[in-house]
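The next block holds one structure in the form of structure tokens; read it before the comments.
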Amino acid sequence: MARAVVFPGQGSQAVGMGRELALAFTAARDVFDEVDEALKQKLSTLMWEGPESDLILTENAQPALMAVSLAVIRVLESQGNWKIAEQAALVAGHSLGEYSALAATGTFSLSDTARLLKIRGQAMQKAVPVGQGAMAALIGVEIDQAREIAAEAAAGEVCEAANDNAPGQVVVSGAKAAVERAMAVAAAKGFKRSVLLPVSAPFHCALMQPAADAMAEALSRVQMRAPCIPVVANVTASATQDAEEIRKLLVAQVTGTVRWRESILAMKLAGIDSLVETGVGKVLAGLAKRIDKEIAAVSLHTPADIEAFLKG
């Protein structure tokens, strides 16, 4: 059985995230302490006590989600002598989760990953004034249809396919008016449901170019090593272990489409038949079932999840 470990992206954050892990395991507490120290911020207190209005800010949510994912990995290592290089053939992460995957496989240090995600969150938020951008999930729409809808709706503004999450679930991103037009175009074409997403910026579209420039600068200053196992990159849906290529792909990822559906299918083609989702929520396990029912998926977030997994 070949396994991949996957790491969730933004949207799963919630007050209380990671607290059970910190109470149960020293290894988890150490992760949260190191992230707090790297950011010179009590992010762990914000994660466990709120307020939610601060936690959901992109600059806080991104390092917070990564911290929980890495806490799960460190607990697996300390409790089960579980090493990702021995237990998995591939890793991947959804958007910011790609940074979690790279931290878990040794490309970045934990502290550098936290600082990079803080910069990434701040740069994404600054790229477009609040209220001027939007993202919407088009339900029942496939990627080629979503691209056609976005092109028709753009009318001189930015509107692009941002996330190809699963069959029948594609997210478009861009200028608020253009995204609203895309929802209307989808309805006119017979797609009955579109959902405006509660996000603070239009991620993964050309409007994020200032954030891509900021990440190019930040990544140029950080030490990177080859990951211990290949990482399936969001923008190519293919595996790489080349640190310099990864640096370029992380810059492209800011404005590029998250090709998650294709990434899971590429893993299946490479012989992967089970996924372990480490971190908050069960979004990626749910998407995996929609992409390919033959792929088994388990989500690890709580001490009980980890205990059951290590026993299995």
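Ordered as shown in the structure tokens, chains take letters A, B, and onward, while each chain numbers its residues from 1 and ligands are numbered from 1 in the order shown.
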#### Entry: Which of region 135-187 of chain A DSSP labels strand (DSSP E), written as a PyMOL selection string
chain A and resi 135-139+159-166+169-175
### Summary
Of A:Val258, A:Val195, A:Leu76, A:Cys205, the one sitting nearest Phe25 (chain A) when using only C-alpha atoms is A:Leu76
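Comparing A:Val231, A:Leu39, A:Leu90, A:Ala161 by their smallest distance to Asp273 (chain A), the closest is A:Leu90 (using only C-alpha atoms).
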### Task
Between CA of Asn60 (chain A) and CA of Leu43 (chain A), measure the distance and give it in Å to one decimal.
7.3 Å
If we count only C-alpha atoms, what is near Asn165 (chain A) at a cut-off of 12 Å, once residues fewer than 2 positions away on the same chain are taken out, given as an mmCIF file with N, CA and C atoms, in the first residue's frame?
```
data_model
loop_
_atom_site.group_PDB
_atom_site.id
_atom_site.type_symbol
_atom_site.label_atom_id
_atom_site.label_comp_id
_atom_site.auth_asym_id
_atom_site.auth_seq_id
_atom_site.Cartn_x
_atom_site.Cartn_y
_atom_site.Cartn_z
ATOM 1 N N PRO A 8 -3.930 20.498 4.734
ATOM 2 C CA PRO A 8 -5.052 21.370 4.355
ATOM 3 C C PRO A 8 -4.670 22.837 4.174
ATOM 4 N N GLY A 9 -5.543 23.548 3.470
ATOM 5 C CA GLY A 9 -5.364 24.973 3.232
ATOM 6 C C GLY A 9 -6.315 25.812 4.061
ATOM 7 N N HIS A 94 -2.703 21.807 0.002
ATOM 8 C CA HIS A 94 -3.620 22.678 -0.734
ATOM 9 C C HIS A 94 -3.273 24.132 -0.431
ATOM 10 N N SER A 95 -2.746 24.844 -1.431
ATOM 11 C CA SER A 95 -2.388 26.258 -1.296
ATOM 12 C C SER A 95 -1.374 26.440 -0.167
ATOM 13 N N ALA A 137 -17.459 29.477 -5.361
ATOM 14 C CA ALA A 137 -17.435 28.068 -5.781
ATOM 15 C C ALA A 137 -18.581 27.845 -6.754
ATOM 16 N N LEU A 138 -18.244 27.337 -7.930
ATOM 17 C CA LEU A 138 -19.258 27.002 -8.935
ATOM 18 C C LEU A 138 -19.535 25.500 -8.817
ATOM 19 N N ILE A 139 -20.725 25.150 -8.376
ATOM 20 C CA ILE A 139 -21.053 23.750 -8.092
ATOM 21 C C ILE A 139 -21.570 23.071 -9.359
ATOM 22 N N GLY A 140 -21.047 21.879 -9.613
ATOM 23 C CA GLY A 140 -21.455 21.130 -10.804
ATOM 24 C C GLY A 140 -20.678 21.484 -12.052
ATOM 25 N N VAL A 141 -19.742 22.403 -11.902
ATOM 26 C CA VAL A 141 -18.968 22.906 -13.041
ATOM 27 C C VAL A 141 -17.605 22.217 -13.090
ATOM 28 N N GLU A 142 -17.165 21.800 -14.268
ATOM 29 C CA GLU A 142 -15.829 21.221 -14.438
ATOM 30 C C GLU A 142 -14.848 22.332 -14.842
ATOM 31 N N ILE A 143 -13.555 22.033 -14.764
ATOM 32 C CA ILE A 143 -12.530 23.073 -14.924
ATOM 33 C C ILE A 143 -12.612 23.790 -16.274
ATOM 34 N N ALA A 146 -15.498 26.097 -16.222
ATOM 35 C CA ALA A 146 -15.232 27.232 -15.322
ATOM 36 C C ALA A 146 -14.364 28.276 -16.015
ATOM 37 N N ALA A 161 -10.148 30.841 -13.024
ATOM 38 C CA ALA A 161 -10.323 29.614 -12.237
ATOM 39 C C ALA A 161 -9.178 29.529 -11.237
ATOM 40 N N ALA A 162 -9.505 29.527 -9.954
ATOM 41 C CA ALA A 162 -8.484 29.578 -8.899
ATOM 42 C C ALA A 162 -8.179 28.208 -8.316
ATOM 43 N N ASN A 163 -9.208 27.413 -8.062
ATOM 44 C CA ASN A 163 -9.044 26.093 -7.443
ATOM 45 C C ASN A 163 -9.856 25.070 -8.220
ATOM 46 N N PRO A 167 -14.185 16.955 -8.991
ATOM 47 C CA PRO A 167 -15.187 16.985 -10.066
ATOM 48 C C PRO A 167 -16.426 17.769 -9.624
ATOM 49 N N GLY A 168 -16.811 18.758 -10.412
ATOM 50 C CA GLY A 168 -18.009 19.533 -10.078
ATOM 51 C C GLY A 168 -17.813 20.563 -8.991
ATOM 52 N N GLN A 169 -16.546 20.874 -8.638
ATOM 53 C CA GLN A 169 -16.318 21.943 -7.659
ATOM 54 C C GLN A 169 -15.082 22.742 -8.040
ATOM 55 N N VAL A 170 -15.320 23.841 -8.751
ATOM 56 C CA VAL A 170 -14.247 24.732 -9.163
ATOM 57 C C VAL A 170 -14.517 26.118 -8.583
ATOM 58 N N VAL A 171 -13.469 26.747 -8.065
ATOM 59 C CA VAL A 171 -13.590 28.081 -7.485
ATOM 60 C C VAL A 171 -13.028 29.103 -8.466
ATOM 61 N N VAL A 172 -13.792 30.185 -8.682
ATOM 62 C CA VAL A 172 -13.284 31.295 -9.497
ATOM 63 C C VAL A 172 -12.927 32.461 -8.580
ATOM 64 N N ASN A 234 1.166 22.342 -6.482
ATOM 65 C CA ASN A 234 -0.176 22.832 -6.850
ATOM 66 C C ASN A 234 -0.274 23.260 -8.305
ATOM 67 N N THR A 257 -3.507 28.565 -10.637
ATOM 68 C CA THR A 257 -4.606 27.677 -10.237
ATOM 69 C C THR A 257 -4.084 26.557 -9.351
ATOM 70 N N VAL A 258 -4.800 26.279 -8.253
ATOM 71 C CA VAL A 258 -4.502 25.110 -7.425
ATOM 72 C C VAL A 258 -5.115 23.895 -8.119
ATOM 73 N N ARG A 259 -4.257 23.067 -8.705
ATOM 74 C CA ARG A 259 -4.740 21.926 -9.501
ATOM 75 C C ARG A 259 -4.865 20.691 -8.599
ATOM 76 N N TRP A 260 -5.767 20.783 -7.629
ATOM 77 C CA TRP A 260 -5.857 19.731 -6.610
ATOM 78 C C TRP A 260 -6.416 18.420 -7.178
ATOM 79 N N ARG A 261 -7.469 18.510 -7.975
ATOM 80 C CA ARG A 261 -8.055 17.301 -8.562
ATOM 81 C C ARG A 261 -7.001 16.544 -9.365
ATOM 82 N N GLU A 262 -6.266 17.280 -10.196
ATOM 83 C CA GLU A 262 -5.217 16.647 -10.998
ATOM 84 C C GLU A 262 -4.081 16.107 -10.125
ATOM 85 N N SER A 263 -3.799 16.797 -9.020
ATOM 86 C CA SER A 263 -2.735 16.339 -8.117
ATOM 87 C C SER A 263 -3.072 14.979 -7.514
ATOM 88 N N ILE A 264 -4.325 14.829 -7.091
ATOM 89 C CA ILE A 264 -4.750 13.540 -6.515
ATOM 90 C C ILE A 264 -4.720 12.450 -7.585
ATOM 91 N N LEU A 265 -5.159 12.768 -8.788
ATOM 92 C CA LEU A 265 -5.138 11.781 -9.872
ATOM 93 C C LEU A 265 -3.699 11.410 -10.247
ATOM 94 N N VAL A 283 -11.444 18.343 5.078
ATOM 95 C CA VAL A 283 -11.791 18.811 3.730
ATOM 96 C C VAL A 283 -11.111 17.971 2.657
ATOM 97 N N LEU A 284 -9.808 17.732 2.821
ATOM 98 C CA LEU A 284 -9.062 17.032 1.773
ATOM 99 C C LEU A 284 -9.464 15.569 1.667
ATOM 100 N N ALA A 285 -9.768 14.943 2.797
ATOM 101 C CA ALA A 285 -10.254 13.555 2.761
ATOM 102 C C ALA A 285 -11.576 13.493 2.008
ATOM 103 N N GLY A 286 -12.438 14.482 2.236
ATOM 104 C CA GLY A 286 -13.722 14.544 1.529
ATOM 105 C C GLY A 286 -13.552 14.747 0.037
ATOM 106 N N LEU A 287 -12.627 15.637 -0.330
ATOM 107 C CA LEU A 287 -12.373 15.875 -1.762
ATOM 108 C C LEU A 287 -11.812 14.619 -2.425
ATOM 109 N N ALA A 288 -10.928 13.911 -1.709
ATOM 110 C CA ALA A 288 -10.321 12.692 -2.274
ATOM 111 C C ALA A 288 -11.390 11.676 -2.659
ATOM 112 N N LYS A 289 -12.393 11.529 -1.804
ATOM 113 C CA LYS A 289 -13.470 10.562 -2.083
ATOM 114 C C LYS A 289 -14.251 10.960 -3.341
ATOM 115 N N ARG A 290 -14.386 12.273 -3.558
ATOM 116 C CA ARG A 290 -15.094 12.751 -4.754
ATOM 117 C C ARG A 290 -14.242 12.596 -5.999
ATOM 118 N N ILE A 291 -12.929 12.693 -5.842
ATOM 119 C CA ILE A 291 -12.029 12.609 -7.001
ATOM 120 C C ILE A 291 -11.856 11.157 -7.445
#
```
### Task
For Pro63 (chain A), please output as JSON, numbers by chain all residues within 7 Å (counting only C-alpha atoms; exclusion window: fewer than 6 positions along the same chain).
{"A": [114, 117, 118]}
### Query
Mind checking DSSP for region 53-243 of chain A and telling me the helix (DSSP H, G or I) residues as a PyMOL selection string?
chain A and resi 53-55+58-80+84-87+97-104+110-127+143-154+176-188+206-220+243
